>>> print(open('coords-v1.csv').read())   # CSV, N, CA and C atoms
chain,number,residue,atom,x,y,z
C,1,SER,N,246.1,134.8,-45.2
C,1,SER,CA,245.4,134.9,-46.5
C,1,SER,C,245.3,133.5,-47.1
C,2,TYR,N,244.2,133.4,-47.9
C,2,TYR,CA,244.0,132.1,-48.5
C,2,TYR,C,244.8,131.9,-49.8
C,3,ASN,N,245.1,130.7,-50.1
C,3,ASN,CA,245.8,130.3,-51.3
C,3,ASN,C,245.3,129.0,-51.9
C,4,THR,N,245.8,128.6,-53.0
C,4,THR,CA,245.3,127.3,-53.6
C,4,THR,C,245.6,126.1,-52.6
C,5,TYR,N,246.6,126.2,-51.8
C,5,TYR,CA,246.9,125.2,-50.8
C,5,TYR,C,245.7,125.0,-49.9
C,6,SER,N,245.2,126.1,-49.4
C,6,SER,CA,244.1,126.0,-48.4
C,6,SER,C,242.8,125.5,-49.1
C,7,VAL,N,242.6,125.8,-50.3
C,7,VAL,CA,241.4,125.3,-51.0
C,7,VAL,C,241.6,123.8,-51.3
C,8,ASP,N,242.8,123.4,-51.7
C,8,ASP,CA,243.0,122.0,-51.9
C,8,ASP,C,242.9,121.2,-50.6
C,9,GLU,N,243.4,121.7,-49.6
C,9,GLU,CA,243.3,121.1,-48.2
C,9,GLU,C,241.9,121.0,-47.8
C,10,ALA,N,241.1,122.1,-48.0
C,10,ALA,CA,239.7,122.1,-47.7
C,10,ALA,C,238.9,121.0,-48.5
C,11,ASN,N,239.3,120.8,-49.7
C,11,ASN,CA,238.6,119.7,-50.5
C,11,ASN,C,239.0,118.4,-50.0
C,12,LYS,N,240.2,118.2,-49.6
C,12,LYS,CA,240.6,116.9,-49.0
C,12,LYS,C,239.8,116.6,-47.7
C,13,LEU,N,239.7,117.7,-46.9
C,13,LEU,CA,239.0,117.5,-45.6
C,13,LEU,C,237.5,117.2,-45.9
C,14,LYS,N,236.9,117.9,-46.9
C,14,LYS,CA,235.5,117.6,-47.3
C,14,LYS,C,235.4,116.1,-47.7
C,15,GLU,N,236.3,115.6,-48.5
C,15,GLU,CA,236.2,114.2,-48.9
C,15,GLU,C,236.3,113.3,-47.7
C,16,GLU,N,237.2,113.6,-46.8
C,16,GLU,CA,237.3,112.8,-45.5
C,16,GLU,C,236.0,112.9,-44.8
C,17,GLY,N,235.4,114.1,-44.7
C,17,GLY,CA,234.1,114.2,-44.0
C,17,GLY,C,233.1,113.4,-44.7
C,18,ASN,N,233.1,113.3,-46.0
C,18,ASN,CA,232.1,112.6,-46.8
C,18,ASN,C,232.2,111.1,-46.5
C,19,LYS,N,233.5,110.6,-46.4
C,19,LYS,CA,233.8,109.2,-46.1
C,19,LYS,C,233.2,108.8,-44.7
C,20,PHE,N,233.5,109.7,-43.7
C,20,PHE,CA,233.0,109.5,-42.3
C,20,PHE,C,231.4,109.5,-42.4
C,21,PHE,N,230.9,110.4,-43.1
C,21,PHE,CA,229.4,110.5,-43.2
C,21,PHE,C,228.8,109.2,-43.7
C,22,THR,N,229.4,108.7,-44.8
C,22,THR,CA,228.9,107.5,-45.5
C,22,THR,C,229.0,106.3,-44.5
C,23,SER,N,229.9,106.4,-43.6
C,23,SER,CA,230.1,105.3,-42.6
C,23,SER,C,229.3,105.5,-41.4
C,24,HIS,N,228.4,106.6,-41.4
C,24,HIS,CA,227.6,106.9,-40.3
C,24,HIS,C,228.4,107.4,-39.1
C,25,LEU,N,229.6,107.9,-39.3
C,25,LEU,CA,230.4,108.5,-38.3
C,25,LEU,C,230.3,110.0,-38.3
C,26,TYR,N,229.2,110.5,-37.7
C,26,TYR,CA,228.8,111.9,-37.9
C,26,TYR,C,229.6,112.9,-37.2
C,27,ILE,N,230.1,112.5,-36.0
C,27,ILE,CA,230.9,113.5,-35.2
C,27,ILE,C,232.2,113.8,-36.0
C,28,PRO,N,233.0,112.8,-36.4
C,28,PRO,CA,234.2,113.2,-37.2
C,28,PRO,C,233.9,113.8,-38.5
C,29,ALA,N,232.7,113.5,-39.1
C,29,ALA,CA,232.3,114.2,-40.3
C,29,ALA,C,232.2,115.7,-40.1
C,30,VAL,N,231.5,116.0,-39.0
C,30,VAL,CA,231.3,117.4,-38.6
C,30,VAL,C,232.6,118.1,-38.4
C,31,GLU,N,233.5,117.4,-37.7
C,31,GLU,CA,234.9,118.0,-37.5
C,31,GLU,C,235.6,118.3,-38.8
C,32,MET,N,235.5,117.4,-39.7
C,32,MET,CA,236.2,117.6,-41.0
C,32,MET,C,235.5,118.7,-41.8
C,33,TYR,N,234.2,118.8,-41.8
C,33,TYR,CA,233.5,119.9,-42.5
C,33,TYR,C,233.9,121.2,-41.9
C,34,THR,N,233.9,121.2,-40.5
C,34,THR,CA,234.3,122.5,-39.8
C,34,THR,C,235.7,123.0,-40.2
C,35,LYS,N,236.6,122.1,-40.2
C,35,LYS,CA,238.0,122.4,-40.6
C,35,LYS,C,238.0,122.9,-42.0
C,36,ALA,N,237.3,122.3,-42.9
C,36,ALA,CA,237.2,122.7,-44.3
C,36,ALA,C,236.6,124.1,-44.4
C,37,ILE,N,235.6,124.4,-43.7
C,37,ILE,CA,234.9,125.7,-43.7
C,37,ILE,C,235.9,126.8,-43.3
C,38,GLN,N,236.7,126.5,-42.2
C,38,GLN,CA,237.7,127.4,-41.8
C,38,GLN,C,238.8,127.7,-42.8
C,39,LEU,N,239.1,126.8,-43.7
C,39,LEU,CA,240.1,126.9,-44.7
C,39,LEU,C,239.6,127.5,-46.0
C,40,THR,N,238.3,127.6,-46.2
C,40,THR,CA,237.7,128.0,-47.4
C,40,THR,C,237.4,129.5,-47.4
C,41,PRO,N,237.9,130.3,-48.4
C,41,PRO,CA,237.7,131.7,-48.4
C,41,PRO,C,236.2,132.0,-48.7
C,42,GLU,N,235.7,133.2,-48.2
C,42,GLU,CA,234.3,133.6,-48.4
C,42,GLU,C,234.0,133.7,-49.9
C,43,SER,N,235.0,134.1,-50.7
C,43,SER,CA,234.8,134.3,-52.1
C,43,SER,C,234.3,133.0,-52.8
C,44,GLU,N,234.6,131.8,-52.2
C,44,GLU,CA,234.2,130.5,-52.7
C,44,GLU,C,232.8,130.2,-52.2
C,45,ASN,N,231.9,131.0,-52.5
C,45,ASN,CA,230.6,130.9,-51.8
C,45,ASN,C,229.9,129.6,-52.1
C,46,LYS,N,229.9,129.1,-53.3
C,46,LYS,CA,229.3,127.8,-53.6
C,46,LYS,C,229.9,126.6,-52.9
C,47,SER,N,231.2,126.6,-52.8
C,47,SER,CA,231.9,125.5,-52.1
C,47,SER,C,231.6,125.6,-50.6
C,48,LEU,N,231.6,126.8,-50.1
C,48,LEU,CA,231.3,127.0,-48.6
C,48,LEU,C,229.8,126.6,-48.3
C,49,ALA,N,228.9,126.9,-49.2
C,49,ALA,CA,227.5,126.6,-49.1
C,49,ALA,C,227.4,125.1,-48.9
C,50,ILE,N,228.1,124.3,-49.8
C,50,ILE,CA,228.1,122.9,-49.8
C,50,ILE,C,228.6,122.3,-48.4
C,51,LEU,N,229.7,122.9,-48.0
C,51,LEU,CA,230.3,122.5,-46.7
C,51,LEU,C,229.3,122.7,-45.5
C,52,TYR,N,228.7,123.9,-45.5
C,52,TYR,CA,227.7,124.1,-44.5
C,52,TYR,C,226.5,123.2,-44.6
C,53,GLY,N,226.1,122.9,-45.9
C,53,GLY,CA,225.0,122.0,-46.2
C,53,GLY,C,225.4,120.6,-45.7
C,54,ASN,N,226.6,120.1,-45.9
C,54,ASN,CA,227.0,118.8,-45.5
C,54,ASN,C,227.0,118.7,-44.0
C,55,ARG,N,227.5,119.8,-43.4
C,55,ARG,CA,227.6,119.8,-41.9
C,55,ARG,C,226.1,119.8,-41.3
C,56,ALA,N,225.3,120.5,-42.0
C,56,ALA,CA,223.8,120.5,-41.6
C,56,ALA,C,223.3,119.1,-41.7
C,57,PHE,N,223.6,118.4,-42.7
C,57,PHE,CA,223.0,117.0,-42.9
C,57,PHE,C,223.6,116.1,-41.8
C,58,ALA,N,224.9,116.2,-41.5
C,58,ALA,CA,225.4,115.4,-40.4
C,58,ALA,C,224.8,115.7,-39.1
C,59,ASN,N,224.5,117.1,-38.8
C,59,ASN,CA,223.9,117.5,-37.6
C,59,ASN,C,222.4,117.0,-37.5
C,60,LEU,N,221.8,117.0,-38.7
C,60,LEU,CA,220.4,116.5,-38.8
C,60,LEU,C,220.4,115.0,-38.4
C,61,LYS,N,221.3,114.2,-38.9
C,61,LYS,CA,221.4,112.8,-38.6
C,61,LYS,C,221.6,112.5,-37.1
C,62,MET,N,222.3,113.5,-36.4
C,62,MET,CA,222.6,113.3,-35.0
C,62,MET,C,221.5,114.0,-34.2
C,63,GLU,N,220.4,114.5,-34.8
C,63,GLU,CA,219.3,115.1,-34.2
C,63,GLU,C,219.7,116.4,-33.5
C,64,ASN,N,220.7,117.1,-34.0
C,64,ASN,CA,221.1,118.4,-33.6
C,64,ASN,C,220.4,119.4,-34.5
C,65,PHE,N,219.1,119.5,-34.2
C,65,PHE,CA,218.2,120.3,-35.2
C,65,PHE,C,218.5,121.7,-35.3
C,66,GLY,N,218.8,122.3,-34.1
C,66,GLY,CA,219.2,123.8,-34.1
C,66,GLY,C,220.4,124.1,-34.9
C,67,LEU,N,221.4,123.2,-34.8
C,67,LEU,CA,222.7,123.4,-35.6
C,67,LEU,C,222.4,123.1,-37.0
C,68,ALA,N,221.6,122.1,-37.3
C,68,ALA,CA,221.2,121.8,-38.7
C,68,ALA,C,220.6,123.1,-39.4
C,69,ILE,N,219.7,123.7,-38.6
C,69,ILE,CA,219.0,124.9,-39.1
C,69,ILE,C,220.0,126.1,-39.3
C,70,SER,N,220.9,126.3,-38.3
C,70,SER,CA,221.8,127.5,-38.5
C,70,SER,C,222.8,127.2,-39.6
C,71,ASP,N,223.2,126.0,-39.8
C,71,ASP,CA,224.1,125.7,-40.9
C,71,ASP,C,223.4,125.8,-42.3
C,72,SER,N,222.1,125.4,-42.3
C,72,SER,CA,221.3,125.6,-43.5
C,72,SER,C,221.1,127.0,-43.8
C,73,ASP,N,220.9,127.8,-42.8
C,73,ASP,CA,220.7,129.3,-43.0
C,73,ASP,C,222.0,129.9,-43.6
C,74,LYS,N,223.1,129.5,-43.1
C,74,LYS,CA,224.4,130.0,-43.6
C,74,LYS,C,224.6,129.5,-45.1
C,75,ALA,N,224.3,128.3,-45.3
C,75,ALA,CA,224.4,127.8,-46.7
C,75,ALA,C,223.6,128.6,-47.7
C,76,LEU,N,222.4,128.9,-47.3
C,76,LEU,CA,221.4,129.6,-48.1
C,76,LEU,C,221.8,131.1,-48.3
C,77,GLU,N,222.5,131.7,-47.2
C,77,GLU,CA,223.0,133.0,-47.4
C,77,GLU,C,224.1,133.1,-48.5
C,78,LEU,N,224.9,132.0,-48.5
C,78,LEU,CA,226.0,131.9,-49.5
C,78,LEU,C,225.5,131.6,-50.9
C,79,ASP,N,224.4,130.7,-51.0
C,79,ASP,CA,223.9,130.3,-52.3
C,79,ASP,C,222.4,130.0,-52.1
C,80,SER,N,221.6,131.0,-52.5
C,80,SER,CA,220.2,131.0,-52.3
C,80,SER,C,219.5,129.9,-53.2
C,81,ASP,N,220.2,129.3,-54.2
C,81,ASP,CA,219.7,128.3,-55.0
C,81,ASP,C,220.0,126.9,-54.6
C,82,TYR,N,220.7,126.7,-53.4
C,82,TYR,CA,221.2,125.5,-52.9
C,82,TYR,C,220.0,124.7,-52.3
C,83,ILE,N,219.4,123.8,-53.2
C,83,ILE,CA,218.2,123.1,-52.8
C,83,ILE,C,218.3,122.2,-51.6
C,84,LYS,N,219.5,121.6,-51.5
C,84,LYS,CA,219.6,120.6,-50.3
C,84,LYS,C,219.5,121.4,-49.0
C,85,ALA,N,220.0,122.6,-49.0
C,85,ALA,CA,219.9,123.4,-47.7
C,85,ALA,C,218.5,123.7,-47.3
C,86,TYR,N,217.6,124.0,-48.3
C,86,TYR,CA,216.2,124.2,-48.1
C,86,TYR,C,215.6,122.9,-47.5
C,87,TYR,N,216.0,121.8,-48.1
C,87,TYR,CA,215.4,120.5,-47.7
C,87,TYR,C,215.8,120.1,-46.3
C,88,ARG,N,217.1,120.4,-46.0
C,88,ARG,CA,217.6,120.0,-44.6
C,88,ARG,C,217.0,120.9,-43.6
C,89,ARG,N,216.9,122.2,-43.9
C,89,ARG,CA,216.3,123.1,-42.9
C,89,ARG,C,214.8,122.8,-42.7
C,90,ALA,N,214.1,122.4,-43.8
C,90,ALA,CA,212.7,122.1,-43.7
C,90,ALA,C,212.6,120.8,-42.9
C,91,SER,N,213.4,119.8,-43.1
C,91,SER,CA,213.4,118.5,-42.4
C,91,SER,C,213.5,118.8,-40.9
C,92,ALA,N,214.5,119.6,-40.5
C,92,ALA,CA,214.7,120.0,-39.1
C,92,ALA,C,213.5,120.7,-38.5
C,93,ASN,N,213.0,121.6,-39.2
C,93,ASN,CA,211.8,122.4,-38.7
C,93,ASN,C,210.6,121.5,-38.6
C,94,LEU,N,210.5,120.5,-39.5
C,94,LEU,CA,209.3,119.6,-39.5
C,94,LEU,C,209.4,118.7,-38.2
C,95,VAL,N,210.6,118.2,-37.8
C,95,VAL,CA,210.8,117.4,-36.6
C,95,VAL,C,210.4,118.3,-35.4
C,96,LEU,N,210.8,119.5,-35.4
C,96,LEU,CA,210.6,120.4,-34.3
C,96,LEU,C,209.1,120.9,-34.2
C,97,GLY,N,208.3,120.5,-35.2
C,97,GLY,CA,206.9,120.9,-35.2
C,97,GLY,C,206.7,122.3,-35.7
C,98,LYS,N,207.7,122.9,-36.3
C,98,LYS,CA,207.5,124.2,-36.9
C,98,LYS,C,207.1,124.1,-38.4
C,99,HIS,N,205.8,123.7,-38.5
C,99,HIS,CA,205.3,123.3,-39.8
C,99,HIS,C,205.2,124.5,-40.8
C,100,ASP,N,205.0,125.7,-40.3
C,100,ASP,CA,204.9,126.8,-41.2
C,100,ASP,C,206.2,127.1,-41.8
C,101,LEU,N,207.3,127.0,-41.0
C,101,LEU,CA,208.7,127.2,-41.5
C,101,LEU,C,209.1,126.1,-42.5
C,102,ALA,N,208.8,124.9,-42.1
C,102,ALA,CA,209.1,123.7,-42.9
C,102,ALA,C,208.3,123.9,-44.3
C,103,LEU,N,207.1,124.3,-44.2
C,103,LEU,CA,206.3,124.5,-45.4
C,103,LEU,C,206.9,125.4,-46.4
C,104,GLN,N,207.4,126.6,-45.9
C,104,GLN,CA,208.1,127.6,-46.8
C,104,GLN,C,209.2,127.0,-47.5
C,105,ASP,N,210.0,126.2,-46.9
C,105,ASP,CA,211.2,125.6,-47.5
C,105,ASP,C,210.8,124.4,-48.5
C,106,PHE,N,209.9,123.6,-48.0
C,106,PHE,CA,209.4,122.5,-48.9
C,106,PHE,C,208.8,123.1,-50.2
C,107,LYS,N,208.1,124.2,-50.0
C,107,LYS,CA,207.5,124.9,-51.1
C,107,LYS,C,208.5,125.3,-52.2
C,108,GLN,N,209.7,125.8,-51.7
C,108,GLN,CA,210.8,126.2,-52.5
C,108,GLN,C,211.4,125.0,-53.2
C,109,VAL,N,211.5,123.9,-52.5
C,109,VAL,CA,212.0,122.6,-53.1
C,109,VAL,C,211.1,122.1,-54.2
C,110,VAL,N,209.8,122.1,-53.9
C,110,VAL,CA,208.8,121.6,-54.9
C,110,VAL,C,208.7,122.6,-56.1
C,111,LYS,N,208.9,123.9,-55.9
C,111,LYS,CA,208.9,124.8,-57.0
C,111,LYS,C,210.1,124.6,-57.9
C,112,LEU,N,211.3,124.3,-57.3
C,112,LEU,CA,212.5,124.1,-58.1
C,112,LEU,C,212.5,122.7,-58.7
C,113,TYR,N,212.0,121.7,-58.0
C,113,TYR,CA,212.1,120.3,-58.4
C,113,TYR,C,210.7,119.7,-58.3
C,114,PRO,N,209.8,120.1,-59.2
C,114,PRO,CA,208.4,119.6,-59.1
C,114,PRO,C,208.2,118.0,-59.1
C,115,ARG,N,209.2,117.3,-59.6
C,115,ARG,CA,209.1,115.9,-59.6
C,115,ARG,C,209.6,115.2,-58.4
C,116,ASP,N,210.1,115.9,-57.4
C,116,ASP,CA,210.6,115.3,-56.2
C,116,ASP,C,209.4,114.9,-55.3
C,117,LYS,N,209.2,113.6,-55.4
C,117,LYS,CA,208.0,113.0,-54.7
C,117,LYS,C,208.1,113.1,-53.2
C,118,ASP,N,209.3,112.9,-52.6
C,118,ASP,CA,209.4,113.0,-51.2
C,118,ASP,C,209.1,114.4,-50.7
C,119,ALA,N,209.7,115.4,-51.4
C,119,ALA,CA,209.4,116.8,-51.0
C,119,ALA,C,207.9,117.1,-51.1
C,120,LYS,N,207.3,116.7,-52.1
C,120,LYS,CA,205.9,116.9,-52.3
C,120,LYS,C,205.1,116.3,-51.2
C,121,LYS,N,205.4,115.0,-50.8
C,121,LYS,CA,204.8,114.3,-49.7
C,121,LYS,C,204.9,115.1,-48.4
C,122,LYS,N,206.2,115.6,-48.1
C,122,LYS,CA,206.4,116.3,-46.8
C,122,LYS,C,205.7,117.7,-46.9
C,123,TYR,N,205.7,118.3,-48.1
C,123,TYR,CA,204.9,119.6,-48.3
C,123,TYR,C,203.5,119.4,-47.9
C,124,ASP,N,202.9,118.3,-48.4
C,124,ASP,CA,201.5,118.0,-48.1
C,124,ASP,C,201.2,117.7,-46.6
C,125,GLU,N,202.2,117.0,-46.0
C,125,GLU,CA,202.2,116.8,-44.5
C,125,GLU,C,202.1,118.1,-43.8
C,126,CYS,N,202.9,119.1,-44.2
C,126,CYS,CA,202.9,120.4,-43.5
C,126,CYS,C,201.6,121.1,-43.7
C,127,VAL,N,201.1,121.0,-44.9
C,127,VAL,CA,199.8,121.7,-45.2
C,127,VAL,C,198.7,121.2,-44.2
C,128,LYS,N,198.7,119.8,-44.1
C,128,LYS,CA,197.7,119.2,-43.2
C,128,LYS,C,197.9,119.6,-41.8
C,129,ALA,N,199.1,119.8,-41.4
C,129,ALA,CA,199.4,120.0,-40.0
C,129,ALA,C,199.1,121.5,-39.5
C,130,ILE,N,199.1,122.4,-40.5
C,130,ILE,CA,198.9,123.8,-40.2
C,130,ILE,C,197.4,124.1,-39.9
>>> encode(input="coords-v1.csv", output="structure tokens")
Amino acid sequence: SYNTYSVDEANKLKEEGNKFFTSHLYIPAVEMYTKAIQLTPESENKSLAILYGNRAFANLKMENFGLAISDSDKALELDSDYIKAYYRRASANLVLGKHDLALQDFKQVVKLYPRDKDAKKKYDECVKAI
């Protein structure tokens, strides 16, 4: 069973993962996020969504696009308003040439954050490609 210890430990692992990520050390970052996910109870859905989102971003950086998409899917299952997960999944789908899927996610980002210029640019790219 989970307790405050496991949540505190998960937070420490997440911070470690973030440090690795910032240093472009994506493999150990993924390992830290994975351990943190294992220690985080399902009831902590927002925290779990962020962990999956962070791991998705690290996988995206390593060009593990399938893993980035599946982690983004999981993050969005846990928190459907988690904008970064839409962005990461869209970015992975864009690279894979799945413009229709990328468009759906970029549309969501643009809807929630109309001032995000990068999302709008990528949204327009997808529209042109379809």
>>> residues_around(input="coords-v1.csv", residues="C:Ile130", least_positions_apart="2", cutoff="6.5 Å", atoms="only N, CA and C atoms", output="CSV table (one decimal) with N, CA and C atoms, keeping the file's coordinate frame")
chain,number,residue,atom,x,y,z
C,99,HIS,N,205.8,123.7,-38.5
C,99,HIS,CA,205.3,123.3,-39.8
C,99,HIS,C,205.2,124.5,-40.8
C,100,ASP,N,205.0,125.7,-40.3
C,100,ASP,CA,204.9,126.8,-41.2
C,100,ASP,C,206.2,127.1,-41.8
C,125,GLU,N,202.2,117.0,-46.0
C,125,GLU,CA,202.2,116.8,-44.5
C,125,GLU,C,202.1,118.1,-43.8
C,126,CYS,N,202.9,119.1,-44.2
C,126,CYS,CA,202.9,120.4,-43.5
C,126,CYS,C,201.6,121.1,-43.7
C,127,VAL,N,201.1,121.0,-44.9
C,127,VAL,CA,199.8,121.7,-45.2
C,127,VAL,C,198.7,121.2,-44.2
C,128,LYS,N,198.7,119.8,-44.1
C,128,LYS,CA,197.7,119.2,-43.2
C,128,LYS,C,197.9,119.6,-41.8
>>> closest_residue(input="coords-v1.csv", among="C:Leu101, C:Ala49, C:Ala58, C:Ala90", to="C:Leu25", atoms="all atoms listed in the file")
C:Ala58
>>> atom_distance(input="coords-v1.csv", atom1="atom N of C:Lys61", atom2="atom N of C:Asn45")
24.1 Å
>>> atom_distance(input="coords-v1.csv", atom1="atom CA of C:Leu94", atom2="atom CA of C:Ile69")
11.1 Å
>>> residues_near_point(input="coords-v1.csv", point="(238.8, 124.5, -49.2)", cutoff="10 Å", atoms="only C-alpha atoms", output="PDB file with N, CA and C atoms, keeping the file's coordinate frame")
ATOM      1  N   TYR C   2     244.200 133.400 -47.900  1.00  0.00           N
ATOM      2  CA  TYR C   2     244.000 132.100 -48.500  1.00  0.00           C
ATOM      3  C   TYR C   2     244.800 131.900 -49.800  1.00  0.00           C
ATOM      4  N   ASN C   3     245.100 130.700 -50.100  1.00  0.00           N
ATOM      5  CA  ASN C   3     245.800 130.300 -51.300  1.00  0.00           C
ATOM      6  C   ASN C   3     245.300 129.000 -51.900  1.00  0.00           C
ATOM      7  N   THR C   4     245.800 128.600 -53.000  1.00  0.00           N
ATOM      8  CA  THR C   4     245.300 127.300 -53.600  1.00  0.00           C
ATOM      9  C   THR C   4     245.600 126.100 -52.600  1.00  0.00           C
ATOM     10  N   TYR C   5     246.600 126.200 -51.800  1.00  0.00           N
ATOM     11  CA  TYR C   5     246.900 125.200 -50.800  1.00  0.00           C
ATOM     12  C   TYR C   5     245.700 125.000 -49.900  1.00  0.00           C
ATOM     13  N   SER C   6     245.200 126.100 -49.400  1.00  0.00           N
ATOM     14  CA  SER C   6     244.100 126.000 -48.400  1.00  0.00           C
ATOM     15  C   SER C   6     242.800 125.500 -49.100  1.00  0.00           C
ATOM     16  N   VAL C   7     242.600 125.800 -50.300  1.00  0.00           N
ATOM     17  CA  VAL C   7     241.400 125.300 -51.000  1.00  0.00           C
ATOM     18  C   VAL C   7     241.600 123.800 -51.300  1.00  0.00           C
ATOM     19  N   ASP C   8     242.800 123.400 -51.700  1.00  0.00           N
ATOM     20  CA  ASP C   8     243.000 122.000 -51.900  1.00  0.00           C
ATOM     21  C   ASP C   8     242.900 121.200 -50.600  1.00  0.00           C
ATOM     22  N   GLU C   9     243.400 121.700 -49.600  1.00  0.00           N
ATOM     23  CA  GLU C   9     243.300 121.100 -48.200  1.00  0.00           C
ATOM     24  C   GLU C   9     241.900 121.000 -47.800  1.00  0.00           C
ATOM     25  N   ALA C  10     241.100 122.100 -48.000  1.00  0.00           N
ATOM     26  CA  ALA C  10     239.700 122.100 -47.700  1.00  0.00           C
ATOM     27  C   ALA C  10     238.900 121.000 -48.500  1.00  0.00           C
ATOM     28  N   ASN C  11     239.300 120.800 -49.700  1.00  0.00           N
ATOM     29  CA  ASN C  11     238.600 119.700 -50.500  1.00  0.00           C
ATOM     30  C   ASN C  11     239.000 118.400 -50.000  1.00  0.00           C
ATOM     31  N   LYS C  12     240.200 118.200 -49.600  1.00  0.00           N
ATOM     32  CA  LYS C  12     240.600 116.900 -49.000  1.00  0.00           C
ATOM     33  C   LYS C  12     239.800 116.600 -47.700  1.00  0.00           C
ATOM     34  N   LEU C  13     239.700 117.700 -46.900  1.00  0.00           N
ATOM     35  CA  LEU C  13     239.000 117.500 -45.600  1.00  0.00           C
ATOM     36  C   LEU C  13     237.500 117.200 -45.900  1.00  0.00           C
ATOM     37  N   LYS C  14     236.900 117.900 -46.900  1.00  0.00           N
ATOM     38  CA  LYS C  14     235.500 117.600 -47.300  1.00  0.00           C
ATOM     39  C   LYS C  14     235.400 116.100 -47.700  1.00  0.00           C
ATOM     40  N   TYR C  33     234.200 118.800 -41.800  1.00  0.00           N
ATOM     41  CA  TYR C  33     233.500 119.900 -42.500  1.00  0.00           C
ATOM     42  C   TYR C  33     233.900 121.200 -41.900  1.00  0.00           C
ATOM     43  N   LYS C  35     236.600 122.100 -40.200  1.00  0.00           N
ATOM     44  CA  LYS C  35     238.000 122.400 -40.600  1.00  0.00           C
ATOM     45  C   LYS C  35     238.000 122.900 -42.000  1.00  0.00           C
ATOM     46  N   ALA C  36     237.300 122.300 -42.900  1.00  0.00           N
ATOM     47  CA  ALA C  36     237.200 122.700 -44.300  1.00  0.00           C
ATOM     48  C   ALA C  36     236.600 124.100 -44.400  1.00  0.00           C
ATOM     49  N   ILE C  37     235.600 124.400 -43.700  1.00  0.00           N
ATOM     50  CA  ILE C  37     234.900 125.700 -43.700  1.00  0.00           C
ATOM     51  C   ILE C  37     235.900 126.800 -43.300  1.00  0.00           C
ATOM     52  N   GLN C  38     236.700 126.500 -42.200  1.00  0.00           N
ATOM     53  CA  GLN C  38     237.700 127.400 -41.800  1.00  0.00           C
ATOM     54  C   GLN C  38     238.800 127.700 -42.800  1.00  0.00           C
ATOM     55  N   LEU C  39     239.100 126.800 -43.700  1.00  0.00           N
ATOM     56  CA  LEU C  39     240.100 126.900 -44.700  1.00  0.00           C
ATOM     57  C   LEU C  39     239.600 127.500 -46.000  1.00  0.00           C
ATOM     58  N   THR C  40     238.300 127.600 -46.200  1.00  0.00           N
ATOM     59  CA  THR C  40     237.700 128.000 -47.400  1.00  0.00           C
ATOM     60  C   THR C  40     237.400 129.500 -47.400  1.00  0.00           C
ATOM     61  N   PRO C  41     237.900 130.300 -48.400  1.00  0.00           N
ATOM     62  CA  PRO C  41     237.700 131.700 -48.400  1.00  0.00           C
ATOM     63  C   PRO C  41     236.200 132.000 -48.700  1.00  0.00           C
ATOM     64  N   GLU C  44     234.600 131.800 -52.200  1.00  0.00           N
ATOM     65  CA  GLU C  44     234.200 130.500 -52.700  1.00  0.00           C
ATOM     66  C   GLU C  44     232.800 130.200 -52.200  1.00  0.00           C
ATOM     67  N   SER C  47     231.200 126.600 -52.800  1.00  0.00           N
ATOM     68  CA  SER C  47     231.900 125.500 -52.100  1.00  0.00           C
ATOM     69  C   SER C  47     231.600 125.600 -50.600  1.00  0.00           C
ATOM     70  N   LEU C  48     231.600 126.800 -50.100  1.00  0.00           N
ATOM     71  CA  LEU C  48     231.300 127.000 -48.600  1.00  0.00           C
ATOM     72  C   LEU C  48     229.800 126.600 -48.300  1.00  0.00           C
ATOM     73  N   LEU C  51     229.700 122.900 -48.000  1.00  0.00           N
ATOM     74  CA  LEU C  51     230.300 122.500 -46.700  1.00  0.00           C
ATOM     75  C   LEU C  51     229.300 122.700 -45.500  1.00  0.00           C
TER      76      LEU C  51
END
>>> atom_distance(input="coords-v1.csv", atom1="atom CA of C:Leu76", atom2="atom CA of C:Asp105")
11.0 Å
>>> select_by_dssp(input="coords-v1.csv", residues="stretch 76-112 of chain C", states="helix (DSSP H, G or I)", output="VMD selection string")
chain C and resid 76 to 78 83 to 95 99 to 112
>>> closest_residue(input="coords-v1.csv", among="C:Lys107, C:Arg89, C:Arg115, C:Lys84", to="C:Leu67", atoms="only C-alpha atoms")
C:Arg89
>>> residues_around(input="coords-v1.csv", residues="stretch 118-123 of chain C", least_positions_apart="4", cutoff="8 Å", atoms="only C-alpha atoms", output="PDB file with N, CA and C atoms, in the coordinates of the input")
ATOM      1  N   TYR C  87     216.000 121.800 -48.100  1.00  0.00           N
ATOM      2  CA  TYR C  87     215.400 120.500 -47.700  1.00  0.00           C
ATOM      3  C   TYR C  87     215.800 120.100 -46.300  1.00  0.00           C
ATOM      4  N   ALA C 102     208.800 124.900 -42.100  1.00  0.00           N
ATOM      5  CA  ALA C 102     209.100 123.700 -42.900  1.00  0.00           C
ATOM      6  C   ALA C 102     208.300 123.900 -44.300  1.00  0.00           C
ATOM      7  N   LEU C 103     207.100 124.300 -44.200  1.00  0.00           N
ATOM      8  CA  LEU C 103     206.300 124.500 -45.400  1.00  0.00           C
ATOM      9  C   LEU C 103     206.900 125.400 -46.400  1.00  0.00           C
ATOM     10  N   PHE C 106     209.900 123.600 -48.000  1.00  0.00           N
ATOM     11  CA  PHE C 106     209.400 122.500 -48.900  1.00  0.00           C
ATOM     12  C   PHE C 106     208.800 123.100 -50.200  1.00  0.00           C
ATOM     13  N   LYS C 107     208.100 124.200 -50.000  1.00  0.00           N
ATOM     14  CA  LYS C 107     207.500 124.900 -51.100  1.00  0.00           C
ATOM     15  C   LYS C 107     208.500 125.300 -52.200  1.00  0.00           C
ATOM     16  N   VAL C 109     211.500 123.900 -52.500  1.00  0.00           N
ATOM     17  CA  VAL C 109     212.000 122.600 -53.100  1.00  0.00           C
ATOM     18  C   VAL C 109     211.100 122.100 -54.200  1.00  0.00           C
ATOM     19  N   VAL C 110     209.800 122.100 -53.900  1.00  0.00           N
ATOM     20  CA  VAL C 110     208.800 121.600 -54.900  1.00  0.00           C
ATOM     21  C   VAL C 110     208.700 122.600 -56.100  1.00  0.00           C
ATOM     22  N   PRO C 114     209.800 120.100 -59.200  1.00  0.00           N
ATOM     23  CA  PRO C 114     208.400 119.600 -59.100  1.00  0.00           C
ATOM     24  C   PRO C 114     208.200 118.000 -59.100  1.00  0.00           C
ATOM     25  N   VAL C 127     201.100 121.000 -44.900  1.00  0.00           N
ATOM     26  CA  VAL C 127     199.800 121.700 -45.200  1.00  0.00           C
ATOM     27  C   VAL C 127     198.700 121.200 -44.200  1.00  0.00           C
TER      28      VAL C 127
END
